[in-house]
Amino acid sequence: MRVWSVANQKGGVGKTTTVVTLAGLLTEVGYRVLLVDLDPHGSLTSYFRFDPDEIERSVYDLFEQPALTAPQVNSLILKTSHESIDLMPASTALATLERKAVGKEGLGLQVAKALRFLQDRYDFVLIDSPPVLGVLMVNALAACQHLLVPVQTEYLALRGLERMVRTIEMVNRARRQKLTHTIIPTFYDRRTQASVSSLRELYQRYPDQVSGAVIPVDTKFRNASIKGLVPSSLDAGSRGVHAYARLLRQLLEVRKAGQSG
Ligand SMILES: Nc1ncnc2c1ncn2[C@@H]1O[C@H](COP(=O)(O)OP(=O)(O)OP(=O)(O)O)[C@@H](O)[C@H]1O
Ligand SMILES: [Mg+2]
């Protein structure tokens, strides 16, 4: 089982879209996929038509007590409308977690511990993370083998990214195995100067981390979310889906070569 987290301390950069689109593409290759929603807003949960305000059991339950059991973890998983995609949903109660977690030791590994019970059930786990550095993002970073960092190609994109890179460095001081990451340029529009210059700057500053696949602006992503479908089911031929497919091929190749996640 491989675990990838998607995170950036900046909001609205395409994190949830990255999770959903890659999930759809992974199932096309025959993988069983679990999605974990660690964002108190529950966008990923809402995407699949579950209501984070109403939901009774959610990832929140993982933080109620340090000891977890297999039945407890399994009971949190929901089937989605997509046959090979399951979901561990978020509830709005997650928003209270940061306050409650203050001073409590050991809560940073709850998601990692929960996933150990699911080793045989899934090939891939994709974790959606909130745009805030706190106990939930720490869990996302601790539970994964590889991190995906979507970055919107616009002015000031790099400033937000610098914060995220510092966070990764901090996490790496505490991890035995180094956390590798891939920066994914998103919302790219080659007609705008802001997109072109920020992409160039990304490649200059982070030549080894920026993905060769660049995700273009594509309205199909929004259409897919309105319909609650993974983008590749709505329109497999769209430019956006093509770009994510290219990204996925690169990520899987790196994996085969044994370099990371
Ligand atoms: N490449 C794209 N082209 C056009 N629209 C996109 C693209 N990627 C995402 N979107 C749309 O932009 C909005 C924000 O994307 P998304 O929810 O994936 O970002 P996010 O980083 O998860 O945001 P948040 O920080 O609020 O969780 C959504 O309406 C989504 O459909
Ligand atoms: Mg999101």
# chains A, B, ... in the order shown; residues from 1 in each chain; ligands from 1
>>> residues_near_ligand(ligand="ligand 1", cutoff="6 Å", atoms="only C-alpha atoms and all ligand atoms", output="PyMOL selection string")
chain A and resi 11-17+131+186-187+215-219+221-222
>>> write_last_selection(atoms="all heavy atoms", output="compact mmCIF listing (two decimals), in the first residue's frame")
# COMPACT_ATOMS: atom_id res chain seq x y z
N GLY A 11 -4.64 28.07 0.40
CA GLY A 11 -5.94 27.52 0.02
C GLY A 11 -6.22 27.69 -1.47
O GLY A 11 -5.60 28.53 -2.13
N GLY A 12 -7.13 26.89 -1.99
CA GLY A 12 -7.63 27.06 -3.35
C GLY A 12 -6.61 26.82 -4.44
O GLY A 12 -6.69 27.41 -5.53
N VAL A 13 -5.63 25.96 -4.21
CA VAL A 13 -4.58 25.73 -5.21
C VAL A 13 -4.81 24.46 -6.04
O VAL A 13 -4.03 24.15 -6.95
CB VAL A 13 -3.17 25.65 -4.56
CG1 VAL A 13 -2.80 26.99 -3.93
CG2 VAL A 13 -3.12 24.54 -3.53
N GLY A 14 -5.88 23.73 -5.72
CA GLY A 14 -6.18 22.50 -6.47
C GLY A 14 -5.86 21.22 -5.72
O GLY A 14 -5.71 20.16 -6.33
N LYS A 15 -5.79 21.29 -4.39
CA LYS A 15 -5.46 20.08 -3.61
C LYS A 15 -6.53 19.00 -3.78
O LYS A 15 -6.23 17.86 -4.14
CB LYS A 15 -5.33 20.42 -2.11
CG LYS A 15 -4.18 21.34 -1.77
CD LYS A 15 -4.08 21.59 -0.28
CE LYS A 15 -5.23 22.42 0.27
NZ LYS A 15 -5.24 23.81 -0.22
N THR A 16 -7.79 19.39 -3.50
CA THR A 16 -8.86 18.39 -3.55
C THR A 16 -9.04 17.87 -4.98
O THR A 16 -9.25 16.67 -5.19
CB THR A 16 -10.17 19.02 -3.00
OG1 THR A 16 -9.91 19.47 -1.66
CG2 THR A 16 -11.31 18.02 -2.98
N THR A 17 -8.91 18.74 -5.94
CA THR A 17 -9.01 18.33 -7.34
C THR A 17 -7.91 17.32 -7.70
O THR A 17 -8.14 16.35 -8.41
CB THR A 17 -8.92 19.58 -8.26
OG1 THR A 17 -9.97 20.47 -7.87
CG2 THR A 17 -9.04 19.22 -9.72
N PRO A 131 -5.41 23.64 4.52
CA PRO A 131 -4.33 24.60 4.21
C PRO A 131 -3.73 25.27 5.44
O PRO A 131 -3.28 26.40 5.37
CB PRO A 131 -5.04 25.62 3.30
CG PRO A 131 -6.47 25.53 3.66
CD PRO A 131 -6.74 24.17 4.19
N THR A 186 -0.29 24.30 -11.00
CA THR A 186 -1.72 24.18 -11.35
C THR A 186 -2.26 25.49 -11.90
O THR A 186 -1.60 26.53 -11.81
CB THR A 186 -2.55 23.78 -10.11
OG1 THR A 186 -2.34 24.76 -9.09
CG2 THR A 186 -2.16 22.41 -9.57
N PHE A 187 -3.46 25.43 -12.44
CA PHE A 187 -4.16 26.61 -12.99
C PHE A 187 -3.28 27.33 -14.01
O PHE A 187 -3.22 28.55 -14.04
CB PHE A 187 -4.55 27.59 -11.88
CG PHE A 187 -5.67 27.11 -10.99
CD1 PHE A 187 -5.41 26.35 -9.86
CD2 PHE A 187 -6.99 27.42 -11.29
CE1 PHE A 187 -6.43 25.91 -9.04
CE2 PHE A 187 -8.03 26.99 -10.46
CZ PHE A 187 -7.75 26.24 -9.34
N ILE A 215 -0.55 21.38 -14.82
CA ILE A 215 -2.01 21.25 -14.91
C ILE A 215 -2.62 22.56 -15.42
O ILE A 215 -2.47 23.61 -14.79
CB ILE A 215 -2.63 20.91 -13.52
CG1 ILE A 215 -1.86 19.77 -12.83
CG2 ILE A 215 -4.12 20.62 -13.66
CD1 ILE A 215 -1.78 18.46 -13.59
N PRO A 216 -3.27 22.52 -16.57
CA PRO A 216 -3.83 23.75 -17.14
C PRO A 216 -5.14 24.15 -16.46
O PRO A 216 -5.77 23.33 -15.79
CB PRO A 216 -4.10 23.36 -18.59
CG PRO A 216 -4.43 21.90 -18.52
CD PRO A 216 -3.59 21.34 -17.40
N VAL A 217 -5.53 25.39 -16.65
CA VAL A 217 -6.89 25.80 -16.26
C VAL A 217 -7.85 25.01 -17.14
O VAL A 217 -7.66 24.92 -18.35
CB VAL A 217 -7.09 27.31 -16.51
CG1 VAL A 217 -8.55 27.69 -16.33
CG2 VAL A 217 -6.21 28.12 -15.59
N ASP A 218 -8.83 24.39 -16.54
CA ASP A 218 -9.78 23.59 -17.31
C ASP A 218 -11.12 23.57 -16.56
O ASP A 218 -11.20 23.06 -15.44
CB ASP A 218 -9.23 22.15 -17.46
CG ASP A 218 -10.08 21.30 -18.40
OD1 ASP A 218 -11.24 21.68 -18.66
OD2 ASP A 218 -9.57 20.27 -18.88
N THR A 219 -12.13 24.14 -17.17
CA THR A 219 -13.44 24.25 -16.50
C THR A 219 -14.09 22.89 -16.25
O THR A 219 -15.00 22.77 -15.45
CB THR A 219 -14.42 25.09 -17.35
OG1 THR A 219 -14.43 24.53 -18.67
CG2 THR A 219 -14.00 26.55 -17.43
N PHE A 221 -12.98 20.54 -14.58
CA PHE A 221 -12.81 20.11 -13.18
C PHE A 221 -14.01 20.53 -12.35
O PHE A 221 -14.51 19.78 -11.53
CB PHE A 221 -11.52 20.70 -12.58
CG PHE A 221 -10.27 20.06 -13.13
CD1 PHE A 221 -9.32 20.82 -13.79
CD2 PHE A 221 -10.05 18.70 -12.98
CE1 PHE A 221 -8.17 20.25 -14.30
CE2 PHE A 221 -8.89 18.11 -13.48
CZ PHE A 221 -7.95 18.90 -14.15
N ARG A 222 -14.44 21.77 -12.58
CA ARG A 222 -15.59 22.26 -11.82
C ARG A 222 -16.85 21.50 -12.22
O ARG A 222 -17.66 21.12 -11.37
CB ARG A 222 -15.77 23.76 -12.07
CG ARG A 222 -15.84 24.53 -10.77
CD ARG A 222 -16.01 26.01 -11.04
NE ARG A 222 -17.43 26.37 -11.11
CZ ARG A 222 -18.22 26.48 -10.05
NH1 ARG A 222 -17.76 26.26 -8.86
NH2 ARG A 222 -19.49 26.82 -10.17
>>> residues_near_ligand(ligand="ligand 2", cutoff="12 Å", atoms="only C-alpha atoms and all ligand atoms", output="MDAnalysis selection string")
chainID A and resid 6:20 36:47 90 127:132 150 225
>>> select_by_dssp(residues="stretch 85-221 of chain A", states="alpha helix (DSSP H)", output="PDB file with C-alpha atoms, in the first residue's frame")
ATOM      1  CA  LEU A  97      -9.473  19.329  17.006  1.00  0.00           C
ATOM      2  CA  GLU A  98      -6.639  21.845  16.896  1.00  0.00           C
ATOM      3  CA  ARG A  99      -7.788  23.348  20.179  1.00  0.00           C
ATOM      4  CA  LYS A 100      -8.304  19.968  21.843  1.00  0.00           C
ATOM      5  CA  ALA A 101      -4.984  18.598  20.644  1.00  0.00           C
ATOM      6  CA  GLN A 110      -3.150   8.712  14.559  1.00  0.00           C
ATOM      7  CA  VAL A 111      -3.754   8.569  10.803  1.00  0.00           C
ATOM      8  CA  ALA A 112      -0.540   6.623  10.211  1.00  0.00           C
ATOM      9  CA  LYS A 113      -1.606   4.129  12.888  1.00  0.00           C
ATOM     10  CA  ALA A 114      -5.091   3.786  11.408  1.00  0.00           C
ATOM     11  CA  LEU A 115      -3.721   3.079   7.928  1.00  0.00           C
ATOM     12  CA  ARG A 116      -1.658   0.180   9.247  1.00  0.00           C
ATOM     13  CA  VAL A 135      -2.278  18.608  14.015  1.00  0.00           C
ATOM     14  CA  LEU A 136      -4.196  17.496  10.886  1.00  0.00           C
ATOM     15  CA  MET A 137      -1.497  18.514   8.433  1.00  0.00           C
ATOM     16  CA  VAL A 138       1.130  16.980  10.711  1.00  0.00           C
ATOM     17  CA  ASN A 139      -0.845  13.726  10.526  1.00  0.00           C
ATOM     18  CA  ALA A 140      -1.008  13.938   6.740  1.00  0.00           C
ATOM     19  CA  LEU A 141       2.753  14.498   6.501  1.00  0.00           C
ATOM     20  CA  ALA A 142       3.586  11.750   8.989  1.00  0.00           C
ATOM     21  CA  ALA A 143       1.359   9.137   7.337  1.00  0.00           C
ATOM     22  CA  ALA A 157       2.626  31.566  -5.528  1.00  0.00           C
ATOM     23  CA  LEU A 158       6.222  31.124  -4.490  1.00  0.00           C
ATOM     24  CA  ARG A 159       5.772  32.886  -1.206  1.00  0.00           C
ATOM     25  CA  GLY A 160       3.194  30.342  -0.056  1.00  0.00           C
ATOM     26  CA  LEU A 161       5.371  27.526  -1.335  1.00  0.00           C
ATOM     27  CA  GLU A 162       8.366  28.679   0.697  1.00  0.00           C
ATOM     28  CA  ARG A 163       6.361  28.194   3.870  1.00  0.00           C
ATOM     29  CA  MET A 164       5.410  24.679   2.784  1.00  0.00           C
ATOM     30  CA  VAL A 165       9.035  23.822   1.966  1.00  0.00           C
ATOM     31  CA  ARG A 166      10.083  24.987   5.449  1.00  0.00           C
ATOM     32  CA  THR A 167       7.383  22.764   6.936  1.00  0.00           C
ATOM     33  CA  ILE A 168       8.720  19.776   4.966  1.00  0.00           C
ATOM     34  CA  GLU A 169      12.218  20.479   6.254  1.00  0.00           C
ATOM     35  CA  MET A 170      10.892  20.614   9.795  1.00  0.00           C
ATOM     36  CA  VAL A 171       9.048  17.312   9.347  1.00  0.00           C
ATOM     37  CA  ASN A 172      12.181  15.728   7.924  1.00  0.00           C
ATOM     38  CA  ARG A 173      14.141  16.503  11.048  1.00  0.00           C
ATOM     39  CA  ALA A 174      11.729  14.216  12.925  1.00  0.00           C
ATOM     40  CA  GLN A 193       2.181  36.617 -18.020  1.00  0.00           C
ATOM     41  CA  ALA A 194       1.625  35.649 -14.377  1.00  0.00           C
ATOM     42  CA  SER A 195       1.370  31.958 -15.252  1.00  0.00           C
ATOM     43  CA  VAL A 196       4.359  31.950 -17.590  1.00  0.00           C
ATOM     44  CA  SER A 197       6.697  33.841 -15.282  1.00  0.00           C
ATOM     45  CA  SER A 198       5.741  31.974 -12.124  1.00  0.00           C
ATOM     46  CA  LEU A 199       6.222  28.622 -13.863  1.00  0.00           C
ATOM     47  CA  ARG A 200       9.662  29.698 -15.024  1.00  0.00           C
ATOM     48  CA  GLU A 201      10.533  30.793 -11.515  1.00  0.00           C
ATOM     49  CA  LEU A 202       9.317  27.483 -10.082  1.00  0.00           C
ATOM     50  CA  TYR A 203      11.611  25.523 -12.407  1.00  0.00           C
ATOM     51  CA  GLN A 204      14.539  27.805 -11.569  1.00  0.00           C
ATOM     52  CA  ARG A 205      14.076  27.595  -7.821  1.00  0.00           C
ATOM     53  CA  LYS A 220     -14.143  20.515 -16.740  1.00  0.00           C
ATOM     54  CA  PHE A 221     -12.809  20.115 -13.184  1.00  0.00           C
TER      55      PHE A 221
END
>>> atom_distance(atom1="atom CA of A:Asp189", atom2="atom CA of A:Pro231")
19.1 Å
>>> select_by_dssp(residues="stretch 24-240 of chain A", states="strand (DSSP E)", output="ChimeraX atom specification")
/A:33-37,78-79,85-88,124-128,146-152,180-186
>>> closest_residue(among="A:Val125, A:Met88, A:Leu148, A:Gly237", to="A:Tyr60", atoms="only C-alpha atoms")
A:Met88
>>> atom_distance(atom1="atom CA of A:Ser232", atom2="atom CA of A:Trp4")
19.5 Å
>>> closest_residue(among="A:Ile183, A:Leu109, A:Leu25, A:Ala213", to="A:Asp235", atoms="only C-alpha atoms")
A:Leu25
>>> atom_distance(atom1="atom CA of A:His146", atom2="atom CA of A:Thr180")
5.3 Å
>>> closest_residue(among="A:Gln65, A:Gln119, A:Thr92, A:Gln209", to="A:Leu34", atoms="only C-alpha atoms")
A:Gln119
>>> residues_around(residues="A:Phe124", least_positions_apart="2", cutoff="7 Å", atoms="only C-alpha atoms", output="list in words")
Met1, Arg2, Val3, Tyr31, Arg32, Val33, Leu34, Tyr122 and Leu126 of chain A
>>> closest_residue(among="A:Glu83, A:Glu253, A:Gln72, A:Gly134", to="A:Phe117", atoms="only C-alpha atoms")
A:Gln72
